[in-house]
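> Before I ask anything, here is the structure I am working with.
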Amino acid sequence: TSFLETLTLNIPSLLILDKNDNPFRSNSKKYVDGLLKTKVLFFNQLEAAKFLNKIWVNDIDLWWNDKKTQNAISQFRNRYARKTDNINKEILKLLK
């Protein structure tokens with residue numbers, strides 16, 4: 001998805017989802033909670049809009065590059081959107 005691509009490219013991004021249509025499995029709770037705590041993921045449109053308006057002018061880079069935000073993104077990305085320079089080698093590794 002576009003969201004996973006922007007995370008992989010480390011482009012500041014927000015994801016807004018309907019909590020009732022939450023596509024995450026229960027075993028991803030740790031990773032999802034990290035995105036929620038660092039305000040990368042929202043289940044409420046109004047909260048996302050308020051946060052974005054707050055950081056829009058001067059604070060996007062501060063928020064995105066914050067150690068806690070980058071850690072949460074890195075953990076999520078390593079689990080669900082890993083980037084590899086050798087996809088063939090990675091697939092063979094999984095098949096073995």
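In the structure tokens, each chain is lettered A, B, ... as it comes, each chain's residues begin at 1, and ligands are numbered from 1 in order of appearance.
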Find the residues near Lys83 in chain A: any atom within 12 Å, counting only C-alpha atoms, skip ones fewer than 4 places away on the same chain, and give them as number ranges by chain.
A: 4-10, 74, 77-79, 87, 90
> Please list as a ChimeraX atom specification every residue within 12 Å of Leu41 in chain A, counting only C-alpha atoms and excluding residues in the same chain fewer than 3 positions away.
/A:3,7,12-19,22,24,31-38,44-45,47-49,51-52,69,72-73,76
> Among chain A, which ones does DSSP assign to helix (DSSP H, G or I) (computed from the backbone)? Answer as a PyMOL selection string.
chain A and resi 2-8+19-21+26-37+45-55+60-65+67-80+87-95
> As a list in words, please: all residues of chain A that backbone DSSP puts in strand (DSSP E or B).
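Residues meeting the strand (DSSP E or B) criterion: Leu15, Ile16, Leu41 and Phe42 of chain A.
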> Record the distance separating CA of Asn65 in chain A and CA of Lys39 in chain A, expressed in Å with one decimal.
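According to the coordinates, CA of Asn65 in chain A and CA of Lys39 in chain A are separated by 12.5 Å.
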